[in-house]
Amino acid sequence: MKYIDEYRDADPVQRIAQAIRRSVQNPWNIMEVCGGQTHSIVRFALDTLLPSEITLVHGPGCPVCVTPVECIEKAIEIASVQEVIFCSFGDMLRVPGISNDLLSVKASGGDVRMVYSPLDALRIAAENPGREVVFFAVGFETTAPANAMAVLQAHRQGIGNFTLLVSHVLVPPAMEAILSAEENTVQGFLAAGHVCTVMGYEEYEPIARKHRVPVVVTGFEPLDILQGIHMCVRQLEEGRFEVENQYTRSVRREGNPHARNAIEEVFRIVDRKWRGFGAIPRSGLGLREKYSSYDAEDRFGVARLEAEEDSECISGSILQGTRKPHACPAFGTRCTPEHPLGATMVSSEGTCAAYYRYRRA
Ligand code: SF4
């Protein structure tokens, strides 16, 4: 197949849904890791095509949603410094910190700019040698290569007024944390196809073996997701716990070596705090010593800033797959995409935003 419509064609979608119904004999909880997959599931009502034995659990794979509130506070503090041009992808600008967000800083006169790439921020730094340019480097393994390339290019070109506020997170440690939690109900995973396009899927093999869970690397279109679920169900019914690749048109076992090399050169593995999860050991990326001069936390002295998350928002439970948005008393009333209380309502990939848009009733 070549065109996106073919991956949304109702006939093959119905055929795979039937094949799933024929394969399933026991109840299973399957987590789709990525927010993009959650969005497709809710948008195309794929879960309504599944037999009642299968429960889909929405996972933590939305980078905006898992960026901890203290990192938003650091961004706000840095962006409020007069000489700073603070650059970010658009969806981070509305994520609520304790009492503010980056758009409010912009409204109060801060130089906060929306960019489409870290290289845009690097260009702004080259054009404004008298200013400090900071790029908000959030995301999973998918955005890390471009951020690594920006640091390498700044290093090569001797651009010293460019730094990153880094809050990169990694998928496999989050899966480990979910599986190790006492209240875990997840029995199988749809892994995120774009993350595996970069990193490959070797890292998932020990997780599948240790926790006896199938992991199916899966794409984002309706046919991809249903095929991933079918592969996962077949493993569960047959008592197999392997890593399989549904997204073969993009993913190879070893991933993209050039992207992995760039990440390896610039970043090291660090402990990282996740919104809703707390600290997860070795679950993030930080700059290596060699590139520490590009670290905005050090340059602006915000590394030790700490902040507590809003206790009213249950996005932590939603990100861990133990509750769904309708369980939140604020859903659709006090918390909407126009006035979000929590991160899972801000991002278009957030579970609360997907439910609000497609399943409010
Ligand atoms: S609806 Fe809003 S307050 Fe409730 S969990 Fe979702 S983001 Fe948090």
# chains A, B, ... in the order shown; residues from 1 in each chain; ligands from 1
call {"tool": "select_by_dssp", "arguments": {"residues": "segment 86-132 of chain A", "states": "strand (DSSP E or B)", "output": "PyMOL selection string"}}
result
chain A and resi 86-88+111-114+132
call {"tool": "write_last_selection", "arguments": {"atoms": "N, CA, C and O atoms", "output": "CSV table (one decimal), in the first residue's frame"}}
result
chain,number,residue,atom,x,y,z
A,86,PHE,N,13.6,32.9,24.0
A,86,PHE,CA,13.2,31.5,24.3
A,86,PHE,C,12.4,30.8,23.2
A,86,PHE,O,11.4,31.3,22.8
A,87,CYS,N,13.0,29.8,22.6
A,87,CYS,CA,12.4,29.1,21.4
A,87,CYS,C,11.8,27.7,21.8
A,87,CYS,O,12.5,27.0,22.6
A,88,SER,N,10.6,27.4,21.3
A,88,SER,CA,10.0,26.2,21.6
A,88,SER,C,9.1,25.8,20.5
A,88,SER,O,8.6,26.6,19.7
A,111,ASP,N,10.5,37.5,25.3
A,111,ASP,CA,10.7,37.2,23.9
A,111,ASP,C,10.7,35.6,23.7
A,111,ASP,O,11.7,34.9,23.7
A,112,VAL,N,9.4,35.2,23.6
A,112,VAL,CA,9.2,33.7,23.5
A,112,VAL,C,8.7,33.5,22.0
A,112,VAL,O,7.8,34.1,21.6
A,113,ARG,N,9.5,32.6,21.3
A,113,ARG,CA,9.2,32.4,19.9
A,113,ARG,C,8.8,30.9,19.6
A,113,ARG,O,9.5,30.0,20.2
A,114,MET,N,7.8,30.7,18.8
A,114,MET,CA,7.5,29.3,18.4
A,114,MET,C,8.4,29.0,17.1
A,114,MET,O,8.4,29.8,16.2
A,132,GLU,N,20.9,35.8,24.4
A,132,GLU,CA,21.0,34.3,24.7
A,132,GLU,C,19.8,33.6,24.1
A,132,GLU,O,18.7,34.0,24.4
call {"tool": "residues_around", "arguments": {"residues": "segment 181-197 of chain A", "least_positions_apart": "4", "cutoff": "7 Å", "atoms": "only C-alpha atoms", "output": "PDB file with N, CA and C atoms, in the first residue's frame"}}
result
ATOM      1  N   TRP A  28      -7.827  -9.506  27.735  1.00  0.00           N
ATOM      2  CA  TRP A  28      -6.454  -8.983  27.706  1.00  0.00           C
ATOM      3  C   TRP A  28      -6.464  -7.463  27.784  1.00  0.00           C
ATOM      4  N   ASN A  29      -5.481  -6.912  28.519  1.00  0.00           N
ATOM      5  CA  ASN A  29      -5.274  -5.458  28.562  1.00  0.00           C
ATOM      6  C   ASN A  29      -4.032  -5.120  27.750  1.00  0.00           C
ATOM      7  N   ILE A  30      -4.209  -4.311  26.737  1.00  0.00           N
ATOM      8  CA  ILE A  30      -3.091  -3.958  25.853  1.00  0.00           C
ATOM      9  C   ILE A  30      -2.895  -2.447  25.899  1.00  0.00           C
ATOM     10  N   MET A  31      -1.656  -2.018  26.126  1.00  0.00           N
ATOM     11  CA  MET A  31      -1.372  -0.575  26.183  1.00  0.00           C
ATOM     12  C   MET A  31      -0.735  -0.109  24.880  1.00  0.00           C
ATOM     13  N   GLU A  32      -1.341   0.932  24.282  1.00  0.00           N
ATOM     14  CA  GLU A  32      -0.637   1.610  23.182  1.00  0.00           C
ATOM     15  C   GLU A  32       0.214   2.686  23.831  1.00  0.00           C
ATOM     16  N   VAL A  33       1.513   2.656  23.538  1.00  0.00           N
ATOM     17  CA  VAL A  33       2.436   3.529  24.272  1.00  0.00           C
ATOM     18  C   VAL A  33       2.290   4.981  23.839  1.00  0.00           C
ATOM     19  N   CYS A  34       2.026   5.192  22.550  1.00  0.00           N
ATOM     20  CA  CYS A  34       2.185   6.544  22.006  1.00  0.00           C
ATOM     21  C   CYS A  34       0.871   7.326  21.967  1.00  0.00           C
ATOM     22  N   GLU A 141      12.706   9.718  22.107  1.00  0.00           N
ATOM     23  CA  GLU A 141      13.852   9.433  21.250  1.00  0.00           C
ATOM     24  C   GLU A 141      13.665  10.018  19.842  1.00  0.00           C
ATOM     25  N   THR A 142      12.420  10.366  19.497  1.00  0.00           N
ATOM     26  CA  THR A 142      12.137  10.880  18.153  1.00  0.00           C
ATOM     27  C   THR A 142      12.729  12.265  17.918  1.00  0.00           C
ATOM     28  N   ALA A 177       8.753   0.763  34.270  1.00  0.00           N
ATOM     29  CA  ALA A 177       8.099   1.329  35.467  1.00  0.00           C
ATOM     30  C   ALA A 177       6.631   0.924  35.515  1.00  0.00           C
ATOM     31  N   TYR A 201      14.458  -1.896  17.839  1.00  0.00           N
ATOM     32  CA  TYR A 201      13.673  -2.505  18.920  1.00  0.00           C
ATOM     33  C   TYR A 201      14.422  -3.557  19.741  1.00  0.00           C
ATOM     34  N   VAL A 213       5.690 -10.200  28.474  1.00  0.00           N
ATOM     35  CA  VAL A 213       4.681  -9.418  27.753  1.00  0.00           C
ATOM     36  C   VAL A 213       5.071  -9.341  26.279  1.00  0.00           C
ATOM     37  N   PRO A 214       4.117  -9.556  25.374  1.00  0.00           N
ATOM     38  CA  PRO A 214       4.423  -9.296  23.973  1.00  0.00           C
ATOM     39  C   PRO A 214       4.545  -7.801  23.709  1.00  0.00           C
ATOM     40  N   VAL A 215       5.470  -7.456  22.816  1.00  0.00           N
ATOM     41  CA  VAL A 215       5.625  -6.057  22.397  1.00  0.00           C
ATOM     42  C   VAL A 215       5.557  -6.055  20.870  1.00  0.00           C
ATOM     43  N   VAL A 216       4.623  -5.305  20.329  1.00  0.00           N
ATOM     44  CA  VAL A 216       4.499  -5.226  18.871  1.00  0.00           C
ATOM     45  C   VAL A 216       4.768  -3.783  18.442  1.00  0.00           C
ATOM     46  N   VAL A 217       5.826  -3.586  17.677  1.00  0.00           N
ATOM     47  CA  VAL A 217       6.138  -2.255  17.151  1.00  0.00           C
ATOM     48  C   VAL A 217       5.063  -1.909  16.118  1.00  0.00           C
ATOM     49  N   THR A 218       4.354  -0.808  16.339  1.00  0.00           N
ATOM     50  CA  THR A 218       3.127  -0.542  15.585  1.00  0.00           C
ATOM     51  C   THR A 218       3.101   0.889  15.053  1.00  0.00           C
ATOM     52  N   GLY A 219       2.487   1.047  13.869  1.00  0.00           N
ATOM     53  CA  GLY A 219       2.334   2.362  13.263  1.00  0.00           C
ATOM     54  C   GLY A 219       1.122   3.110  13.812  1.00  0.00           C
ATOM     55  N   GLY A 228      -1.490  -4.407  14.654  1.00  0.00           N
ATOM     56  CA  GLY A 228      -0.653  -4.534  15.853  1.00  0.00           C
ATOM     57  C   GLY A 228      -1.397  -5.241  16.981  1.00  0.00           C
ATOM     58  N   CYS A 232      -0.523  -8.838  18.698  1.00  0.00           N
ATOM     59  CA  CYS A 232      -0.364  -8.906  20.159  1.00  0.00           C
ATOM     60  C   CYS A 232      -1.298  -9.966  20.752  1.00  0.00           C
ATOM     61  N   TYR A 247       5.357  -2.454  11.889  1.00  0.00           N
ATOM     62  CA  TYR A 247       5.624  -1.211  11.129  1.00  0.00           C
ATOM     63  C   TYR A 247       6.863  -1.393  10.247  1.00  0.00           C
ATOM     64  N   SER A 250       8.819   1.170   8.011  1.00  0.00           N
ATOM     65  CA  SER A 250       9.656   2.245   8.558  1.00  0.00           C
ATOM     66  C   SER A 250      10.742   1.738   9.517  1.00  0.00           C
ATOM     67  N   VAL A 251      10.486   0.615  10.175  1.00  0.00           N
ATOM     68  CA  VAL A 251      11.358   0.222  11.307  1.00  0.00           C
ATOM     69  C   VAL A 251      12.246  -0.973  10.958  1.00  0.00           C
ATOM     70  N   ARG A 252      13.531  -0.835  11.300  1.00  0.00           N
ATOM     71  CA  ARG A 252      14.448  -1.978  11.247  1.00  0.00           C
ATOM     72  C   ARG A 252      14.907  -2.276  12.670  1.00  0.00           C
ATOM     73  N   GLY A 255      17.314   0.119  14.032  1.00  0.00           N
ATOM     74  CA  GLY A 255      16.955   1.532  13.979  1.00  0.00           C
ATOM     75  C   GLY A 255      17.745   2.290  12.922  1.00  0.00           C
ATOM     76  N   ASN A 256      17.921   3.585  13.164  1.00  0.00           N
ATOM     77  CA  ASN A 256      18.658   4.447  12.234  1.00  0.00           C
ATOM     78  C   ASN A 256      20.035   4.737  12.845  1.00  0.00           C
TER      79      ASN A 256
END
call {"tool": "residues_around", "arguments": {"residues": "Pro63 of chain A", "least_positions_apart": "4", "cutoff": "7 Å", "atoms": "only C-alpha atoms", "output": "VMD selection string"}}
result
chain A and resid 67 138 to 140
call {"tool": "closest_atom_pairs", "arguments": {"of": "chain A", "to": "ligand 1", "cutoff": "8 Å", "atoms": "only C-alpha atoms and all ligand atoms", "output": "tab-separated table"}}
result
residue	atom	partner	partner_atom_place_in_ligand_line	distance
A:Glu312	CA	ligand 1	3 (S)	6.4
A:Cys313	CA	ligand 1	8 (Fe)	3.8
A:Ile314	CA	ligand 1	5 (S)	4.2
A:Ser315	CA	ligand 1	5 (S)	4.0
A:Gly316	CA	ligand 1	5 (S)	7.6
A:Ile318	CA	ligand 1	5 (S)	6.8
A:Pro325	CA	ligand 1	6 (Fe)	5.6
A:His326	CA	ligand 1	1 (S)	7.6
A:Ala327	CA	ligand 1	4 (Fe)	7.9
A:Cys328	CA	ligand 1	4 (Fe)	4.6
A:Pro329	CA	ligand 1	4 (Fe)	6.6
A:Ala330	CA	ligand 1	4 (Fe)	5.0
A:Phe331	CA	ligand 1	1 (S)	3.7
A:Gly332	CA	ligand 1	1 (S)	6.5
A:Arg334	CA	ligand 1	3 (S)	7.7
A:Cys335	CA	ligand 1	2 (Fe)	4.6
A:Thr336	CA	ligand 1	2 (Fe)	6.8
A:Pro340	CA	ligand 1	2 (Fe)	5.9
A:Leu341	CA	ligand 1	3 (S)	4.8
A:Gly342	CA	ligand 1	7 (S)	3.5
A:Ala343	CA	ligand 1	7 (S)	5.4
A:Thr344	CA	ligand 1	7 (S)	4.6
A:Met345	CA	ligand 1	7 (S)	4.4
A:Val346	CA	ligand 1	7 (S)	7.3
A:Thr351	CA	ligand 1	6 (Fe)	7.6
A:Cys352	CA	ligand 1	6 (Fe)	4.8
A:Ala353	CA	ligand 1	6 (Fe)	7.6
call {"tool": "write_last_selection", "arguments": {"atoms": "C-alpha atoms", "output": "short mmCIF file (atom, residue, chain, number, x, y, z; two decimals), in the first residue's frame"}}
result
data_model
loop_
_atom_site.label_atom_id
_atom_site.label_comp_id
_atom_site.auth_asym_id
_atom_site.auth_seq_id
_atom_site.Cartn_x
_atom_site.Cartn_y
_atom_site.Cartn_z
CA GLU A 312 -6.54 18.04 41.49
CA CYS A 313 -5.37 16.73 38.12
CA ILE A 314 -5.33 12.92 37.78
CA SER A 315 -3.24 12.94 34.60
CA GLY A 316 -0.63 10.83 36.45
CA ILE A 318 -4.16 8.51 33.10
CA PRO A 325 -10.29 10.97 31.42
CA HIS A 326 -13.99 10.59 32.28
CA ALA A 327 -12.89 9.64 35.81
CA CYS A 328 -11.59 13.18 36.33
CA PRO A 329 -14.22 15.51 37.87
CA ALA A 330 -12.71 18.49 36.01
CA PHE A 331 -12.88 16.82 32.56
CA GLY A 332 -14.83 18.96 30.09
CA ARG A 334 -13.18 23.19 34.58
CA CYS A 335 -10.57 21.58 32.28
CA THR A 336 -10.91 22.05 28.51
CA PRO A 340 -6.34 23.22 30.46
CA LEU A 341 -5.58 22.34 34.08
CA GLY A 342 -3.21 19.51 33.20
CA ALA A 343 -0.76 18.53 30.49
CA THR A 344 -2.88 15.72 29.03
CA MET A 345 -5.47 18.33 28.00
CA VAL A 346 -2.94 20.70 26.41
CA THR A 351 -5.45 11.45 26.17
CA CYS A 352 -7.75 14.03 27.80
CA ALA A 353 -7.62 16.23 24.68
#
call {"tool": "residues_around", "arguments": {"residues": "Ser23 of chain A", "least_positions_apart": "2", "cutoff": "12 Å", "atoms": "only C-alpha atoms", "output": "PyMOL selection string"}}
result
chain A and resi 16-21+25-28+50-51+53-54+229-238
call {"tool": "closest_residue", "arguments": {"among": "A:Gln227, A:Gln37, A:Ser311, A:Thr333", "to": "Gly350 of chain A", "atoms": "only C-alpha atoms"}}
result
A:Gln37
call {"tool": "closest_residue", "arguments": {"among": "A:Gly110, A:Gly239, A:Pro257, A:Pro96", "to": "Pro145 of chain A", "atoms": "only C-alpha atoms"}}
result
A:Pro257
call {"tool": "residues_around", "arguments": {"residues": "Ile78 of chain A", "least_positions_apart": "2", "cutoff": "12 Å", "atoms": "only C-alpha atoms", "output": "short mmCIF file (atom, residue, chain, number, x, y, z; two decimals) with all heavy atoms, in the first residue's frame"}}
result
data_model
loop_
_atom_site.label_atom_id
_atom_site.label_comp_id
_atom_site.auth_asym_id
_atom_site.auth_seq_id
_atom_site.Cartn_x
_atom_site.Cartn_y
_atom_site.Cartn_z
N CYS A 71 10.04 21.49 35.18
CA CYS A 71 10.75 21.86 33.95
C CYS A 71 10.04 23.03 33.27
O CYS A 71 10.69 23.93 32.71
CB CYS A 71 10.82 20.65 33.03
SG CYS A 71 11.92 20.92 31.66
N ILE A 72 8.70 23.04 33.34
CA ILE A 72 7.95 24.19 32.81
C ILE A 72 8.32 25.45 33.60
O ILE A 72 8.52 26.52 33.04
CB ILE A 72 6.42 23.94 32.92
CG1 ILE A 72 6.02 22.61 32.29
CG2 ILE A 72 5.63 25.10 32.31
CD1 ILE A 72 6.25 22.49 30.81
N GLU A 73 8.44 25.29 34.93
CA GLU A 73 8.83 26.43 35.77
C GLU A 73 10.23 26.93 35.41
O GLU A 73 10.47 28.14 35.38
CB GLU A 73 8.78 26.02 37.25
CG GLU A 73 7.37 25.86 37.79
CD GLU A 73 6.60 27.18 37.77
OE1 GLU A 73 7.07 28.16 38.35
OE2 GLU A 73 5.52 27.22 37.14
N LYS A 74 11.13 26.00 35.12
CA LYS A 74 12.48 26.42 34.69
C LYS A 74 12.40 27.20 33.38
O LYS A 74 13.06 28.23 33.20
CB LYS A 74 13.39 25.18 34.50
CG LYS A 74 13.80 24.51 35.80
CD LYS A 74 14.56 23.23 35.54
CE LYS A 74 14.82 22.49 36.85
NZ LYS A 74 15.44 21.17 36.67
N ALA A 75 11.58 26.69 32.45
CA ALA A 75 11.42 27.37 31.16
C ALA A 75 10.88 28.78 31.37
O ALA A 75 11.37 29.75 30.77
CB ALA A 75 10.49 26.56 30.27
N ILE A 76 9.88 28.90 32.25
CA ILE A 76 9.26 30.21 32.51
C ILE A 76 10.30 31.16 33.11
O ILE A 76 10.41 32.33 32.73
CB ILE A 76 8.03 30.04 33.43
CG1 ILE A 76 6.91 29.35 32.64
CG2 ILE A 76 7.57 31.37 34.01
CD1 ILE A 76 5.73 28.89 33.48
N SER A 80 11.81 34.53 31.18
CA SER A 80 11.53 35.84 31.76
C SER A 80 12.79 36.72 31.85
O SER A 80 12.69 37.90 32.18
CB SER A 80 10.93 35.68 33.16
OG SER A 80 9.79 34.86 33.11
N VAL A 81 13.95 36.13 31.57
CA VAL A 81 15.19 36.93 31.61
C VAL A 81 15.23 37.82 30.37
O VAL A 81 14.98 37.36 29.25
CB VAL A 81 16.43 35.99 31.64
CG1 VAL A 81 17.72 36.80 31.57
CG2 VAL A 81 16.40 35.10 32.88
N GLN A 82 15.55 39.10 30.58
CA GLN A 82 15.40 40.09 29.51
C GLN A 82 16.22 39.79 28.26
O GLN A 82 15.75 39.94 27.14
CB GLN A 82 15.76 41.47 30.04
CG GLN A 82 15.04 42.55 29.27
CD GLN A 82 15.38 43.93 29.77
OE1 GLN A 82 16.15 44.10 30.72
NE2 GLN A 82 14.82 44.92 29.13
N GLU A 83 17.46 39.29 28.44
CA GLU A 83 18.32 39.11 27.26
C GLU A 83 18.03 37.80 26.50
O GLU A 83 18.62 37.54 25.46
CB GLU A 83 19.79 39.15 27.67
CG GLU A 83 20.28 37.86 28.27
CD GLU A 83 21.29 38.06 29.40
OE1 GLU A 83 21.19 39.08 30.08
OE2 GLU A 83 22.15 37.20 29.57
N VAL A 84 17.08 37.02 27.02
CA VAL A 84 16.84 35.69 26.44
C VAL A 84 15.79 35.72 25.33
O VAL A 84 14.77 36.39 25.44
CB VAL A 84 16.37 34.71 27.56
CG1 VAL A 84 15.78 33.44 26.95
CG2 VAL A 84 17.53 34.36 28.47
N ILE A 85 16.10 34.99 24.25
CA ILE A 85 15.07 34.63 23.26
C ILE A 85 14.78 33.15 23.51
O ILE A 85 15.66 32.30 23.34
CB ILE A 85 15.57 34.82 21.82
CG1 ILE A 85 15.99 36.27 21.58
CG2 ILE A 85 14.48 34.40 20.83
CD1 ILE A 85 16.66 36.51 20.22
N PHE A 86 13.57 32.86 23.97
CA PHE A 86 13.24 31.47 24.33
C PHE A 86 12.45 30.84 23.18
O PHE A 86 11.38 31.33 22.80
CB PHE A 86 12.42 31.43 25.62
CG PHE A 86 12.33 30.07 26.21
CD1 PHE A 86 13.28 29.62 27.12
CD2 PHE A 86 11.31 29.20 25.83
CE1 PHE A 86 13.22 28.34 27.65
CE2 PHE A 86 11.23 27.92 26.36
CZ PHE A 86 12.19 27.49 27.26
N CYS A 87 12.99 29.75 22.61
CA CYS A 87 12.38 29.12 21.44
C CYS A 87 11.82 27.75 21.83
O CYS A 87 12.45 26.99 22.57
CB CYS A 87 13.41 28.92 20.34
SG CYS A 87 14.12 30.46 19.76
N LEU A 102 4.18 29.65 29.26
CA LEU A 102 5.13 30.43 28.46
C LEU A 102 4.41 31.50 27.63
O LEU A 102 4.98 32.57 27.38
CB LEU A 102 5.94 29.49 27.54
CG LEU A 102 7.04 28.71 28.26
CD1 LEU A 102 7.52 27.55 27.40
CD2 LEU A 102 8.22 29.62 28.61
N VAL A 105 4.20 34.53 29.64
CA VAL A 105 5.48 35.25 29.68
C VAL A 105 5.60 36.12 28.42
O VAL A 105 6.00 37.28 28.47
CB VAL A 105 6.67 34.26 29.77
CG1 VAL A 105 8.00 35.00 29.70
CG2 VAL A 105 6.58 33.43 31.04
N GLY A 110 7.97 39.02 27.37
CA GLY A 110 9.11 38.12 27.18
C GLY A 110 9.26 37.75 25.71
O GLY A 110 8.28 37.70 24.96
N ASP A 111 10.49 37.51 25.27
CA ASP A 111 10.73 37.17 23.87
C ASP A 111 10.65 35.64 23.71
O ASP A 111 11.66 34.94 23.74
CB ASP A 111 12.10 37.71 23.42
CG ASP A 111 12.22 37.73 21.91
OD1 ASP A 111 11.40 37.07 21.24
OD2 ASP A 111 13.13 38.41 21.39
N VAL A 112 9.43 35.15 23.61
CA VAL A 112 9.18 33.71 23.46
C VAL A 112 8.74 33.47 22.02
O VAL A 112 7.79 34.09 21.56
CB VAL A 112 8.08 33.24 24.45
CG1 VAL A 112 7.79 31.76 24.24
CG2 VAL A 112 8.51 33.51 25.89
N GLU A 132 20.92 35.78 24.36
CA GLU A 132 21.03 34.34 24.69
C GLU A 132 19.82 33.63 24.10
O GLU A 132 18.67 34.00 24.41
CB GLU A 132 21.04 34.15 26.21
CG GLU A 132 22.32 34.56 26.88
CD GLU A 132 23.45 33.58 26.59
OE1 GLU A 132 23.18 32.40 26.29
OE2 GLU A 132 24.61 34.03 26.63
N VAL A 133 20.05 32.61 23.28
CA VAL A 133 18.94 31.88 22.67
C VAL A 133 18.87 30.48 23.29
O VAL A 133 19.85 29.74 23.32
CB VAL A 133 19.11 31.78 21.14
CG1 VAL A 133 18.00 30.92 20.52
CG2 VAL A 133 19.08 33.19 20.53
N VAL A 134 17.68 30.16 23.81
CA VAL A 134 17.49 28.87 24.50
C VAL A 134 16.41 28.09 23.75
O VAL A 134 15.34 28.64 23.44
CB VAL A 134 17.03 29.09 25.96
CG1 VAL A 134 16.85 27.74 26.67
CG2 VAL A 134 18.03 29.97 26.70
N PHE A 135 16.70 26.83 23.45
CA PHE A 135 15.69 25.97 22.82
C PHE A 135 15.19 24.96 23.84
O PHE A 135 15.98 24.32 24.54
CB PHE A 135 16.26 25.25 21.60
CG PHE A 135 15.25 24.36 20.93
CD1 PHE A 135 14.18 24.90 20.23
CD2 PHE A 135 15.34 22.97 21.02
CE1 PHE A 135 13.22 24.09 19.64
CE2 PHE A 135 14.39 22.15 20.43
CZ PHE A 135 13.32 22.71 19.73
N PHE A 136 13.88 24.81 23.91
CA PHE A 136 13.25 23.88 24.86
C PHE A 136 13.24 22.48 24.23
O PHE A 136 12.40 22.17 23.39
CB PHE A 136 11.82 24.36 25.14
CG PHE A 136 11.23 23.86 26.43
CD1 PHE A 136 11.93 23.03 27.28
CD2 PHE A 136 9.95 24.26 26.80
CE1 PHE A 136 11.38 22.59 28.48
CE2 PHE A 136 9.38 23.83 28.00
CZ PHE A 136 10.11 22.98 28.83
N THR A 163 21.80 27.59 23.86
CA THR A 163 21.75 26.49 24.83
C THR A 163 20.43 25.74 24.69
O THR A 163 19.48 26.23 24.08
CB THR A 163 21.86 27.02 26.29
OG1 THR A 163 20.91 28.07 26.47
CG2 THR A 163 23.25 27.50 26.63
N LEU A 164 20.41 24.53 25.29
CA LEU A 164 19.19 23.72 25.32
C LEU A 164 18.71 23.57 26.75
O LEU A 164 19.52 23.32 27.65
CB LEU A 164 19.45 22.29 24.79
CG LEU A 164 19.93 22.08 23.36
CD1 LEU A 164 20.04 20.58 23.08
CD2 LEU A 164 19.00 22.73 22.36
N LEU A 165 17.41 23.72 26.96
CA LEU A 165 16.79 23.29 28.22
C LEU A 165 16.27 21.87 27.94
O LEU A 165 15.28 21.70 27.23
CB LEU A 165 15.65 24.23 28.62
CG LEU A 165 14.87 23.82 29.87
CD1 LEU A 165 15.78 23.73 31.10
CD2 LEU A 165 13.72 24.79 30.13
N ALA A 296 21.27 24.91 29.32
CA ALA A 296 20.62 26.15 29.80
C ALA A 296 20.41 26.12 31.31
O ALA A 296 20.44 27.17 31.96
CB ALA A 296 19.29 26.34 29.08
N GLU A 297 20.19 24.93 31.89
CA GLU A 297 19.98 24.86 33.35
C GLU A 297 21.19 25.41 34.08
O GLU A 297 21.07 26.14 35.06
CB GLU A 297 19.73 23.41 33.78
CG GLU A 297 18.38 22.90 33.35
CD GLU A 297 17.97 21.64 34.11
OE1 GLU A 297 18.37 21.49 35.27
OE2 GLU A 297 17.27 20.81 33.51
N ASP A 298 22.39 25.05 33.61
CA ASP A 298 23.62 25.54 34.24
C ASP A 298 23.80 27.03 33.96
O ASP A 298 24.11 27.81 34.86
CB ASP A 298 24.84 24.77 33.71
CG ASP A 298 24.87 23.35 34.23
OD1 ASP A 298 24.10 23.06 35.17
OD2 ASP A 298 25.63 22.53 33.69
N ARG A 299 23.61 27.41 32.71
CA ARG A 299 23.89 28.81 32.36
C ARG A 299 23.00 29.78 33.12
O ARG A 299 23.41 30.87 33.49
CB ARG A 299 23.75 29.03 30.85
CG ARG A 299 24.28 30.39 30.43
CD ARG A 299 24.47 30.55 28.96
NE ARG A 299 25.39 29.60 28.35
CZ ARG A 299 25.78 29.65 27.10
NH1 ARG A 299 25.35 30.62 26.31
NH2 ARG A 299 26.61 28.75 26.61
N PHE A 300 21.75 29.37 33.38
CA PHE A 300 20.82 30.30 34.05
C PHE A 300 20.56 29.92 35.51
O PHE A 300 19.70 30.50 36.16
CB PHE A 300 19.50 30.36 33.26
CG PHE A 300 19.68 30.96 31.89
CD1 PHE A 300 19.91 30.13 30.79
CD2 PHE A 300 19.70 32.34 31.70
CE1 PHE A 300 20.11 30.66 29.53
CE2 PHE A 300 19.92 32.87 30.45
CZ PHE A 300 20.12 32.04 29.36
N GLY A 301 21.31 28.95 36.02
CA GLY A 301 21.24 28.62 37.45
C GLY A 301 19.89 28.12 37.92
O GLY A 301 19.45 28.44 39.03
N VAL A 302 19.18 27.31 37.09
CA VAL A 302 17.84 26.86 37.50
C VAL A 302 17.81 25.35 37.80
O VAL A 302 16.74 24.79 38.05
CB VAL A 302 16.77 27.18 36.42
CG1 VAL A 302 16.63 28.67 36.22
CG2 VAL A 302 17.11 26.48 35.09
N ALA A 303 18.99 24.72 37.80
CA ALA A 303 19.02 23.25 37.91
C ALA A 303 18.33 22.75 39.17
O ALA A 303 17.73 21.68 39.18
CB ALA A 303 20.47 22.75 37.85
N LEU A 305 15.78 24.11 40.83
CA LEU A 305 14.39 24.53 41.02
C LEU A 305 13.46 23.31 41.11
O LEU A 305 13.56 22.38 40.33
CB LEU A 305 13.99 25.39 39.82
CG LEU A 305 12.77 26.29 39.96
CD1 LEU A 305 12.90 27.47 38.99
CD2 LEU A 305 11.50 25.55 39.71
#
call {"tool": "residues_around", "arguments": {"residues": "Arg253 of chain A", "least_positions_apart": "4", "cutoff": "10 Å", "atoms": "only C-alpha atoms", "output": "ChimeraX atom specification"}}
result
/A:196-203,243-245,248
call {"tool": "residues_around", "arguments": {"residues": "Ala307 of chain A", "least_positions_apart": "2", "cutoff": "7 Å", "atoms": "only C-alpha atoms", "output": "ChimeraX atom specification"}}
result
/A:69-70,305,309
call {"tool": "select_by_dssp", "arguments": {"residues": "segment 103-230 of chain A", "states": "helix (DSSP H, G or I)", "output": "PyMOL selection string"}}
result
chain A and resi 103-107+118-127+144-157+171-180+193-199+204-211+222-230
call {"tool": "closest_residue", "arguments": {"among": "A:Gln157, A:Ser167, A:Thr38, A:Asn128", "to": "Trp274 of chain A", "atoms": "only C-alpha atoms"}}
result
A:Ser167
